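Below is one structure, written out as structure tokens, with a few remarks after it.
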Amino acid sequence: MKDFNPKGHLAMLGANVCWGLMSPVVKLVFASGLIAPLIMVDFRVAGAAALFWLTSLFLPHENMPAADALRLFGAGMLGILLNQGCFIIGVSLTSPGEASLVTTTMPMWVMLLAWVFLREPITLKKAGGIILGATGALILIFGNGAKTAGGTSPALGDFIVLMAQLSYATYLTIYRNFIRKYSLVTLMKWMFLSAAIVSLPATIPQIASTDWSAISLPEWLGIGYVVVFGTFVAYICIMIGQKNLRPTIVGMYNYVQPIVATLVGICLGLDTFNLAKAMAVLLIFSGVYLVTISKAAPNDAKQ
């Protein structure tokens, strides 16, 4: 299995574990009604930008041409601001279960875009792996009550969540080779700074109207988890994975998030482990395996 890269796979597993744990944390933060969805986006992009710039002070400086900086601005819009903003806004309008269902389409979009832009072939193994992974994810989602907790505007919310998946799939595909030119921290500090520059001015009214003194310690801790682990650590892992794996494989790890959500529910006594869940986990990782061993794009085969 020539395409197997332990570093890339472990990084993608780590990123999706962080994101899987982030969902219940964000739900707890939003429960108070004090933090608006766009304020959470601000915390993520501005907090991560600060952490990456702080980290860069301890690393060698990399010069970047203006043309590359402009391309990174586009990457920040697609891979960070549109992805995070659309997802959080979408979840606020629809139910978590329906949002989870929409996120299972992301590997399919990555596969189609990689076929269009990177000439990565759609093989039977790859298509079969995505179907297996999607089936396992759907078993977990429906088993955890995907039909409950409706939102105020489910159709609009689902569409916005879909836009989040499309924006991230586009980012994974068209920037896959470009990001190899620079170090992880250099890429992230500029991408998150770009996202923060666009995001913060648009939310000044909400920032001014937020009752910051009423936010409790558990909510601040939740925000801290989202910034440090759900964003800073997760995006470090994502960049490592994206540099070492094909886009379709990176997209497949999206199916790990329902597994994490299920395990959290079991540990908290809110869910139970059964044969259906065991089969779902087996299907997901079997799907990842099939996509991993499928034929690579011509330009990847030469690297």
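Ordering of the structure tokens sets the chain letters (A, B, ...), residue numbers begin anew at 1 in every chain, and ligands are numbered from 1 in the order given.
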
Write out as a ChimeraX atom specification the residues lying within 12 Å of Tyr182 of chain A, counting only C-alpha atoms and excluding same-chain residues fewer than 6 positions away. /A:60-65,68-69,72,188-190,239-240,243

Do you know which residues are at most 12 Å from Ala36 of chain A counting only C-alpha atoms, after dropping those on the same chain fewer than 2 positions away, and could you put them as a list in words?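 Those residues are Val26, Lys27, Val29, Phe30, Ala31, Ser32, Gly33, Leu34, Leu38, Ile39, Met40, Val41, Asp42, Phe43, Gly85, Ile88, Ile89, Val91, Ser92, Thr203, Pro205, Gln206, Ile207, Ala208, Ser209, Thr210, Asp211 and Trp212 of chain A.
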
Taking the backbone alone, and naming residues the way the document does, which bits of segment 51-247 of chain A are alpha helix (DSSP H) by DSSP, as number ranges by chain? A: 51-56, 66-76, 83-93, 96-103, 106-117, 124-143, 154-174, 184-202, 204-209, 217-227, 234-244, 247

Pull the closest atom pair for each residue of segment 70-109 of chain A that gets at most 12 Å from segment 176-179 of chain A, along with the distance in Å to one decimal, counting only C-alpha atoms, ordering rows by chain and then ascending residue number, as a Markdown table.
| residue | atom | partner | partner_atom | distance |
| --- | --- | --- | --- | --- |
| A:Arg71 | CA | A:Phe178 | CA | 8.9 |
| A:Leu72 | CA | A:Ile179 | CA | 8.7 |
| A:Gly74 | CA | A:Phe178 | CA | 11.9 |
| A:Ala75 | CA | A:Ile179 | CA | 9.5 |
| A:Gly76 | CA | A:Ile179 | CA | 11.9 |
| A:Gly79 | CA | A:Arg176 | CA | 11.4 |

Near segment 286-288 of chain A, counting only C-alpha atoms, which residues have an atom at most 10 Å away, once you skip same-chain residues fewer than 2 positions from it, shown as an NGL selection string? :A and (9 or 125-136 or 248-253 or 255-256 or 280-284 or 290-293)

Once you have the residues from the selection above, write them out as a PDB file, in the first residue's frame, restricted to C-alpha atoms.
ATOM      1  CA  HIS A   9      -3.449   9.405   8.829  1.00  0.00           C
ATOM      2  CA  LYS A 125     -12.529   1.254  -4.808  1.00  0.00           C
ATOM      3  CA  LYS A 126     -12.781   4.985  -4.140  1.00  0.00           C
ATOM      4  CA  ALA A 127     -16.510   5.193  -4.848  1.00  0.00           C
ATOM      5  CA  GLY A 128     -17.119   2.034  -2.847  1.00  0.00           C
ATOM      6  CA  GLY A 129     -15.079   3.377   0.068  1.00  0.00           C
ATOM      7  CA  ILE A 130     -17.076   6.602   0.164  1.00  0.00           C
ATOM      8  CA  ILE A 131     -20.348   4.648   0.072  1.00  0.00           C
ATOM      9  CA  LEU A 132     -19.168   2.380   2.913  1.00  0.00           C
ATOM     10  CA  GLY A 133     -18.053   5.359   4.999  1.00  0.00           C
ATOM     11  CA  ALA A 134     -21.275   7.267   4.363  1.00  0.00           C
ATOM     12  CA  THR A 135     -23.339   4.207   5.311  1.00  0.00           C
ATOM     13  CA  GLY A 136     -21.465   3.818   8.590  1.00  0.00           C
ATOM     14  CA  THR A 248     -10.164  12.305  -1.174  1.00  0.00           C
ATOM     15  CA  ILE A 249      -8.503  10.537   1.773  1.00  0.00           C
ATOM     16  CA  VAL A 250      -8.508  13.783   3.783  1.00  0.00           C
ATOM     17  CA  GLY A 251     -12.222  14.186   3.066  1.00  0.00           C
ATOM     18  CA  MET A 252     -12.973  10.612   4.132  1.00  0.00           C
ATOM     19  CA  TYR A 253     -11.865  11.343   7.689  1.00  0.00           C
ATOM     20  CA  TYR A 255     -16.741  10.288   8.866  1.00  0.00           C
ATOM     21  CA  VAL A 256     -14.720   9.944  12.078  1.00  0.00           C
ATOM     22  CA  ALA A 280     -20.882   1.381  11.637  1.00  0.00           C
ATOM     23  CA  VAL A 281     -17.333   1.901  12.908  1.00  0.00           C
ATOM     24  CA  LEU A 282     -16.130  -1.070  10.848  1.00  0.00           C
ATOM     25  CA  LEU A 283     -17.804   0.344   7.722  1.00  0.00           C
ATOM     26  CA  ILE A 284     -16.244   3.776   8.207  1.00  0.00           C
ATOM     27  CA  LEU A 290     -10.485   1.401   0.324  1.00  0.00           C
ATOM     28  CA  VAL A 291      -9.995   5.064  -0.566  1.00  0.00           C
ATOM     29  CA  THR A 292      -6.408   4.888   0.723  1.00  0.00           C
ATOM     30  CA  ILE A 293      -5.480   1.963  -1.552  1.00  0.00           C
TER      31      ILE A 293
END
